[in-house]
$ cat upload.tsv   # TSV, C-alpha atoms
chain	number	residue	atom	x	y	z
A	1	MET	CA	37.73	76.71	69.74
A	2	ARG	CA	36.10	76.36	66.26
A	3	LEU	CA	33.50	73.68	66.78
A	4	ALA	CA	31.07	73.02	63.94
A	5	ILE	CA	27.38	72.68	64.80
A	6	SER	CA	26.13	69.91	62.53
A	7	ALA	CA	22.66	69.83	64.11
A	8	SER	CA	20.67	71.22	67.02
A	9	SER	CA	17.36	70.77	68.79
A	10	CYS	CA	15.50	72.96	71.28
A	11	ILE	CA	12.38	72.36	73.35
A	12	ASN	CA	11.43	75.96	73.96
A	13	PRO	CA	7.90	76.83	75.15
A	14	GLY	CA	8.11	80.34	73.77
A	15	VAL	CA	7.83	82.31	70.55
A	16	PHE	CA	10.38	80.16	68.72
A	17	SER	CA	9.02	76.81	69.87
A	18	GLN	CA	9.90	73.82	67.69
A	19	THR	CA	7.52	71.49	69.48
A	20	GLU	CA	4.64	73.41	71.05
A	21	ASP	CA	1.58	75.52	70.34
A	22	THR	CA	2.91	78.83	71.64
A	23	GLU	CA	-0.56	80.21	72.38
A	24	ALA	CA	-1.23	77.30	74.71
A	25	SER	CA	2.09	77.93	76.45
A	26	ALA	CA	1.64	81.64	77.05
A	27	ALA	CA	2.15	82.15	80.81
A	28	ALA	CA	4.18	84.14	83.30
A	29	ASP	CA	6.94	81.53	83.17
A	30	PHE	CA	8.18	79.46	80.24
A	31	GLN	CA	7.15	75.87	81.00
A	32	VAL	CA	7.30	72.92	78.63
A	33	GLN	CA	3.90	71.24	78.35
A	34	ALA	CA	2.53	70.26	74.94
A	35	VAL	CA	5.20	67.93	73.57
A	36	ASP	CA	4.45	64.66	71.78
A	37	TYR	CA	7.25	62.66	73.38
A	38	LYS	CA	6.12	59.46	71.65
A	39	GLU	CA	7.82	60.70	68.50
A	40	HIS	CA	11.20	59.79	70.04
A	41	ILE	CA	10.39	57.86	73.25
A	42	GLU	CA	8.49	54.57	73.61
A	43	ALA	CA	5.20	54.78	75.51
A	44	ARG	CA	6.26	52.15	78.07
A	45	GLN	CA	9.43	54.11	78.81
A	46	LEU	CA	7.56	57.39	79.24
A	47	ARG	CA	5.77	56.14	82.35
A	48	ARG	CA	9.07	55.67	84.20
A	49	LEU	CA	10.73	58.96	83.28
A	50	SER	CA	10.76	62.30	85.05
A	51	LYS	CA	9.79	65.38	83.08
A	52	VAL	CA	13.34	66.64	82.71
A	53	ALA	CA	14.49	63.19	81.51
A	54	LYS	CA	11.71	63.17	78.88
A	55	MET	CA	12.77	66.61	77.71
A	56	GLY	CA	16.43	65.62	77.56
A	57	ILE	CA	15.93	62.35	75.70
A	58	TYR	CA	13.50	63.90	73.22
A	59	SER	CA	15.78	66.84	72.43
A	60	ALA	CA	18.91	64.67	72.19
A	61	LYS	CA	17.24	62.22	69.80
A	62	ALA	CA	15.71	65.02	67.74
A	63	CYS	CA	19.17	66.57	67.39
A	64	LEU	CA	20.89	63.36	66.27
A	65	ALA	CA	18.07	62.62	63.84
A	66	LYS	CA	19.19	65.68	61.88
A	67	THR	CA	22.80	64.51	61.53
A	68	GLU	CA	24.15	62.46	58.68
A	69	LYS	CA	25.25	59.42	60.71
A	70	GLN	CA	22.51	59.88	63.37
A	71	GLN	CA	24.73	58.89	66.26
A	72	ALA	CA	27.27	60.36	68.65
A	73	GLU	CA	30.28	58.81	70.33
A	74	SER	CA	30.25	61.05	73.42
A	75	LEU	CA	27.74	62.94	75.56
A	76	ILE	CA	28.19	66.01	77.76
A	77	VAL	CA	25.18	67.43	79.64
A	78	ALA	CA	24.89	70.65	81.63
A	79	THR	CA	22.16	71.03	84.23
A	80	ASN	CA	21.46	72.77	87.50
A	81	THR	CA	17.81	72.13	88.34
A	82	GLY	CA	17.47	68.76	86.60
A	83	GLY	CA	15.85	66.42	89.11
A	84	PHE	CA	14.57	69.19	91.39
A	85	SER	CA	10.94	68.07	91.17
A	86	ALA	CA	11.92	64.48	91.97
A	87	LEU	CA	13.95	65.70	94.96
A	88	ASP	CA	10.92	67.69	96.13
A	89	SER	CA	8.74	64.58	95.86
A	90	PHE	CA	11.31	62.43	97.65
A	91	ILE	CA	11.66	64.82	100.60
A	92	SER	CA	7.88	65.21	100.86
A	93	SER	CA	7.46	61.42	100.84
A	94	MET	CA	10.20	61.04	103.44
A	95	ILE	CA	8.41	63.46	105.77
A	96	GLU	CA	4.95	61.97	105.22
A	97	LYS	CA	6.13	58.37	105.75
A	98	GLN	CA	8.50	59.29	108.58
A	99	GLU	CA	11.45	57.85	106.65
A	100	GLN	CA	9.86	54.39	106.46
A	101	ASN	CA	9.20	52.22	103.36
A	102	LEU	CA	10.46	54.80	100.89
A	103	SER	CA	10.55	54.10	97.17
A	104	PRO	CA	14.01	54.65	95.65
A	105	VAL	CA	12.54	55.95	92.37
A	106	TYR	CA	12.29	59.62	93.34
A	107	PHE	CA	15.74	59.49	94.93
A	108	LEU	CA	17.33	58.09	91.77
A	109	GLN	CA	15.52	60.62	89.57
A	110	SER	CA	16.66	63.48	91.82
A	111	LEU	CA	20.32	62.90	90.96
A	112	LEU	CA	21.68	65.54	88.58
A	113	SER	CA	23.27	62.79	86.49
A	114	ASP	CA	19.93	61.02	85.97
A	115	VAL	CA	19.20	62.89	82.72
A	116	THR	CA	22.62	62.00	81.34
A	117	GLY	CA	22.21	58.36	82.28
A	118	GLN	CA	18.78	58.12	80.68
A	119	ILE	CA	20.05	59.66	77.43
A	120	VAL	CA	23.03	57.27	77.36
A	121	LEU	CA	20.74	54.27	77.77
A	122	SER	CA	18.34	55.53	75.11
A	123	LEU	CA	21.01	56.35	72.52
A	124	GLY	CA	23.43	53.52	73.32
A	125	ILE	CA	26.39	55.85	73.75
A	126	GLU	CA	29.44	53.91	74.97
A	127	GLY	CA	32.10	56.62	74.89
A	128	TYR	CA	32.94	59.58	77.11
A	129	THR	CA	30.01	60.77	79.23
A	130	THR	CA	29.83	63.41	81.94
A	131	THR	CA	27.54	65.95	83.62
A	132	TYR	CA	28.34	69.55	84.58
A	133	THR	CA	26.34	71.21	87.34
A	134	ASN	CA	28.26	74.36	88.31
A	135	ARG	CA	25.72	77.12	88.76
A	136	GLY	CA	25.44	79.59	85.90
A	137	GLY	CA	28.46	78.18	84.05
A	138	ALA	CA	27.66	74.54	83.43
A	139	PHE	CA	26.94	74.82	79.70
A	140	GLU	CA	30.07	76.87	79.09
A	141	SER	CA	32.10	74.21	80.90
A	142	SER	CA	30.48	71.59	78.66
A	143	LEU	CA	31.61	73.44	75.53
A	144	LEU	CA	35.16	73.67	76.85
A	145	ASP	CA	35.14	69.97	77.66
A	146	ALA	CA	33.87	69.17	74.16
A	147	LYS	CA	36.70	71.25	72.69
A	148	ILE	CA	39.32	69.32	74.68
A	149	LEU	CA	37.72	65.99	73.78
A	150	LEU	CA	37.59	66.78	70.05
A	151	GLU	CA	41.23	67.88	70.09
A	152	GLU	CA	42.09	64.39	71.31
A	153	GLN	CA	39.59	62.55	69.10
A	154	PRO	CA	38.78	64.79	66.11
A	155	ASN	CA	36.73	62.18	64.25
A	156	GLN	CA	34.05	62.01	66.92
A	157	THR	CA	30.65	63.64	67.11
A	158	VAL	CA	29.99	65.00	70.60
A	159	LEU	CA	26.44	65.60	71.77
A	160	VAL	CA	26.42	68.63	74.08
A	161	GLY	CA	23.30	69.91	75.81
A	162	GLY	CA	21.83	72.06	78.51
A	163	THR	CA	18.65	71.05	80.30
A	164	ASP	CA	16.82	72.50	83.30
A	165	GLU	CA	13.31	72.13	84.69
A	166	LEU	CA	11.06	74.59	86.51
A	167	PRO	CA	8.90	72.96	89.21
A	168	ALA	CA	6.56	75.24	91.17
A	169	SER	CA	8.57	74.80	94.38
A	170	TYR	CA	11.76	76.02	92.70
A	171	SER	CA	9.98	79.04	91.25
A	172	ASP	CA	8.56	79.89	94.68
A	173	ILE	CA	11.98	79.67	96.32
A	174	ILE	CA	13.67	81.86	93.70
A	175	ARG	CA	11.05	84.59	93.92
A	176	HIS	CA	10.55	84.47	97.69
A	177	SER	CA	14.29	84.81	98.32
A	178	ASN	CA	14.83	87.50	95.63
A	179	PHE	CA	17.64	85.26	94.46
A	180	LEU	CA	18.06	87.04	91.12
A	181	ASP	CA	17.99	90.61	92.51
A	182	THR	CA	21.66	91.47	93.00
A	183	GLY	CA	24.27	94.17	92.60
A	184	GLY	CA	22.19	97.11	93.74
A	185	GLN	CA	19.62	96.41	91.02
A	186	GLU	CA	16.85	95.59	93.49
A	187	GLY	CA	13.56	94.75	91.86
A	188	GLN	CA	14.95	94.66	88.32
A	189	ALA	CA	14.77	90.88	88.13
A	190	SER	CA	11.45	90.53	89.93
A	191	ASP	CA	9.43	90.56	86.71
A	192	ILE	CA	11.70	88.38	84.59
A	193	PRO	CA	10.00	85.08	83.75
A	194	LEU	CA	11.75	81.87	84.74
A	195	GLY	CA	12.17	79.10	82.23
A	196	GLU	CA	12.93	75.47	81.53
A	197	ASN	CA	14.39	73.96	78.41
A	198	ALA	CA	16.28	71.12	76.79
A	199	ILE	CA	18.74	72.14	74.08
A	200	PHE	CA	21.27	69.87	72.36
A	201	PHE	CA	23.98	70.34	69.76
A	202	ALA	CA	25.90	67.81	67.69
A	203	LEU	CA	29.46	69.16	67.56
A	204	ASN	CA	32.46	68.09	65.51
A	205	THR	CA	35.62	69.49	63.93
A	206	GLN	CA	34.74	68.71	60.30
A	207	ILE	CA	34.04	72.31	59.32
A	208	GLU	CA	32.64	72.91	55.85
A	209	GLU	CA	31.79	76.08	53.99
A	210	GLY	CA	28.59	77.66	55.26
A	211	ASP	CA	28.67	75.84	58.60
A	212	VAL	CA	27.82	77.66	61.80
A	213	ILE	CA	30.76	77.40	64.16
A	214	ILE	CA	31.33	78.16	67.83
A	215	SER	CA	34.49	80.25	67.50
A	216	ASP	CA	35.17	80.79	71.19
A	217	CYS	CA	33.60	80.60	74.64
A	218	GLN	CA	34.91	81.97	77.92
A	219	SER	CA	33.21	82.05	81.31
A	220	TYR	CA	34.12	83.85	84.51
A	221	LEU	CA	32.80	83.15	87.99
A	222	GLY	CA	32.50	85.83	90.65
A	223	LEU	CA	33.43	88.84	88.53
A	224	ALA	CA	33.13	92.30	90.05
A	225	PRO	CA	31.09	94.74	87.90
A	226	GLU	CA	34.15	96.75	86.90
A	227	GLN	CA	35.92	93.60	85.68
A	228	ALA	CA	33.22	92.45	83.27
A	229	ASN	CA	33.92	95.01	80.54
A	230	GLU	CA	37.67	94.39	80.80
A	231	LYS	CA	37.16	90.67	80.25
A	232	LEU	CA	34.88	91.34	77.27
A	233	GLN	CA	37.45	93.58	75.59
A	234	ALA	CA	40.13	90.94	76.17
A	235	PHE	CA	37.82	88.28	74.70
A	236	LEU	CA	37.23	90.31	71.54
A	237	SER	CA	40.96	91.06	71.21
A	238	THR	CA	41.74	87.35	71.48
A	239	ASN	CA	39.43	86.76	68.53
A	240	ALA	CA	41.30	89.16	66.25
A	241	GLY	CA	39.19	92.10	67.32
A	242	VAL	CA	36.09	90.71	65.64
A	243	ILE	CA	33.14	93.11	65.48
A	244	PRO	CA	29.89	91.22	66.11
A	245	ASP	CA	26.93	92.09	63.91
A	246	LEU	CA	24.52	91.15	66.70
A	247	VAL	CA	24.75	90.85	70.48
A	248	LEU	CA	22.42	88.53	72.38
A	249	SER	CA	22.33	89.81	75.94
A	250	GLY	CA	21.33	87.77	78.99
A	251	PHE	CA	20.57	90.88	81.03
A	252	TYR	CA	17.01	91.71	82.02
A	253	ASN	CA	16.88	95.25	80.63
A	254	GLU	CA	18.94	97.59	78.49
A	255	GLU	CA	19.90	99.87	81.41
A	256	GLN	CA	21.48	97.01	83.33
A	257	PHE	CA	23.34	95.84	80.22
A	258	SER	CA	24.72	99.29	79.39
A	259	SER	CA	25.89	99.80	83.00
A	260	TYR	CA	28.19	96.78	82.69
A	261	PHE	CA	29.25	97.29	79.06
A	262	PRO	CA	29.07	101.05	78.39
A	263	GLY	CA	29.19	102.02	74.75
A	264	LEU	CA	28.79	98.52	73.34
A	265	GLU	CA	25.02	98.75	72.80
A	266	ALA	CA	25.41	102.03	70.91
A	267	LYS	CA	27.49	100.34	68.22
A	268	LYS	CA	25.75	96.98	67.93
A	269	ASN	CA	22.31	95.46	67.45
A	270	VAL	CA	21.39	94.18	70.92
A	271	VAL	CA	18.64	91.68	71.73
A	272	LEU	CA	17.68	90.64	75.27
A	273	PHE	CA	17.28	86.94	74.53
A	274	LYS	CA	15.78	85.87	77.89
A	275	GLN	CA	12.50	87.49	76.88
A	276	TYR	CA	12.13	84.44	74.61
A	277	CYS	CA	13.15	81.70	77.06
A	278	GLY	CA	13.10	83.03	80.63
A	279	GLU	CA	15.89	82.77	83.16
A	280	PHE	CA	17.45	79.41	83.99
A	281	PRO	CA	21.03	78.41	84.84
A	282	THR	CA	21.87	76.90	81.43
A	283	SER	CA	20.22	79.69	79.43
A	284	THR	CA	23.46	80.24	77.45
A	285	ALA	CA	22.48	77.09	75.55
A	286	PHE	CA	19.33	78.84	74.33
A	287	GLY	CA	21.38	81.90	73.36
A	288	VAL	CA	23.68	79.71	71.28
A	289	TRP	CA	20.72	77.96	69.66
A	290	LEU	CA	19.03	81.29	68.87
A	291	ALA	CA	22.26	82.66	67.36
A	292	GLU	CA	22.67	79.52	65.26
A	293	GLN	CA	19.12	79.82	63.92
A	294	VAL	CA	19.72	83.45	62.94
A	295	LEU	CA	23.01	82.63	61.21
A	296	LYS	CA	21.35	79.77	59.31
A	297	GLY	CA	18.45	82.00	58.28
A	298	GLU	CA	15.89	79.90	60.16
A	299	ILE	CA	14.90	82.91	62.30
A	300	SER	CA	14.75	86.29	60.56
A	301	PRO	CA	16.14	89.50	62.08
A	302	GLU	CA	12.61	90.94	61.93
A	303	ALA	CA	11.42	88.28	64.40
A	304	LEU	CA	13.87	89.74	66.92
A	305	GLY	CA	12.85	93.32	66.26
A	306	LEU	CA	15.93	94.02	64.11
A	307	PRO	CA	16.23	95.57	60.64
A	308	GLU	CA	15.35	93.06	57.93
A	309	THR	CA	18.47	94.13	56.04
A	310	LEU	CA	20.73	92.84	58.82
A	311	LEU	CA	23.03	90.12	57.50
A	312	ALA	CA	24.68	88.67	60.58
A	313	LYS	CA	27.93	86.73	60.18
A	314	ASN	CA	29.22	87.04	63.74
A	315	ILE	CA	26.98	86.90	66.82
A	316	LEU	CA	28.17	87.46	70.37
A	317	ILE	CA	26.24	85.98	73.30
A	318	ILE	CA	26.84	87.79	76.60
A	319	ASN	CA	25.19	86.01	79.48
A	320	GLN	CA	25.10	86.66	83.20
A	321	PHE	CA	23.79	84.79	86.21
A	322	ARG	CA	23.09	86.87	89.30
A	323	ALA	CA	25.29	89.65	87.86
A	324	SER	CA	28.34	87.71	89.04
A	325	ASN	CA	28.93	84.81	86.66
A	326	PHE	CA	29.56	86.03	83.12
A	327	SER	CA	30.18	84.25	79.84
A	328	PHE	CA	31.06	85.36	76.31
A	329	THR	CA	30.34	83.04	73.39
A	330	LEU	CA	31.09	83.88	69.75
A	331	LEU	CA	29.29	82.20	66.84
A	332	SER	CA	30.24	82.73	63.20
A	333	THR	CA	29.50	81.41	59.76
A	334	ASN	CA	32.39	79.68	58.01
A	335	GLN	CA	33.00	81.63	54.81
$ encode --input "upload.tsv" --output "structure tokens"
Amino acid sequence: MRLAISASSCINPGVFSQTEDTEASAAADFQVQAVDYKEHIEARQLRRLSKVAKMGIYSAKACLAKTEKQQAESLIVATNTGGFSALDSFISSMIEKQEQNLSPVYFLQSLLSDVTGQIVLSLGIEGYTTTYTNRGGAFESSLLDAKILLEEQPNQTVLVGGTDELPASYSDIIRHSNFLDTGGQEGQASDIPLGENAIFFALNTQIEEGDVIISDCQSYLGLAPEQANEKLQAFLSTNAGVIPDLVLSGFYNEEQFSSYFPGLEAKKNVVLFKQYCGEFPTSTAFGVWLAEQVLKGEISPEALGLPETLLAKNILIINQFRASNFSFTLLSTNQ
């Protein structure tokens, strides 16, 4: 794959927040609240935007502001719950007004492509644009699409992001239905915080020395538990048997992780990254951002509870969604 990350931006209401007072955000779930959107969005525009659109536009603009040319030719967005709060409001309004005299605003904002459209209008992107919504694998699909696009047009900069929101109704549904408790691990996901985020990366193929690169990304839907470790070993073999210095795991506890990948945690430094962002369908995007920050030296190993002497050059992100959809993403520094 070998995609260079020229810039990134993350609205994360947790320990590694780039935009918030983390003490004010401390709660059971990770919810974005204290962001000064006016830094990148006009005040008159803010009144018409949904929360997830504000998050997406802000993060996308903050990402491009860090690049040399400060623009992108293409945009690929991954989301699963983007627009959920607007859909909730639209359905509630439809019931209350008995389907009469409904405003189209909430309906338009409930579309999963609304965030993408708002970013396109704000940034003036005229090239390739698309939205991926497949549950638990949308961001991985976005990376694959970016790879294919850059193979065809290597001089482009592609803006790739993952954004999800966490309205109270969605949180209630997830917990009431035990949606995340699967695979005989009943109760293990009941205490995991849920999250929302907006994370964007400016990707290109102009790789220079010292750049952080996405070396490979593979995702698998509907894997049986016994197949997961086989796919991981095949993934590592495909990448010349690389030995990662650090593994960022999307599992909820070490016991669950070791049951799927026996022996791996004994040889590697393993960090459960969802303790810093919560669970949401595009959480792989946060894992990639966290790995990039570690490789760039922006986040120290000590901040993750690792030895300060750790010098990571290869980081593997292993994510799972409902213990069925798995993905493996490898980040490296170009030496």
$ closest_residue --input "upload.tsv" --among "A:Thr329, A:Gln275, A:Ser74, A:Ser8" --to "Asn239 in chain A" --atoms "all atoms listed in the file"
A:Thr329
$ residues_around --input "upload.tsv" --residues "Leu121 in chain A" --least-positions-apart "2" --cutoff "12 Å" --atoms "all atoms listed in the file" --output "VMD selection string"
chain A and resid 41 45 53 57 60 to 61 75 114 to 119 123 to 127 129
$ atom_distance --input "upload.tsv" --atom1 "CA of Phe326 in chain A" --atom2 "CA of Leu159 in chain A"
23.6 Å
$ closest_residue --input "upload.tsv" --among "A:Asn269, A:Asn12, A:Ser142, A:Ser327" --to "Tyr220 in chain A" --atoms "all atoms listed in the file"
A:Ser327
$ atom_distance --input "upload.tsv" --atom1 "CA of His40 in chain A" --atom2 "CA of Thr67 in chain A"
15.1 Å
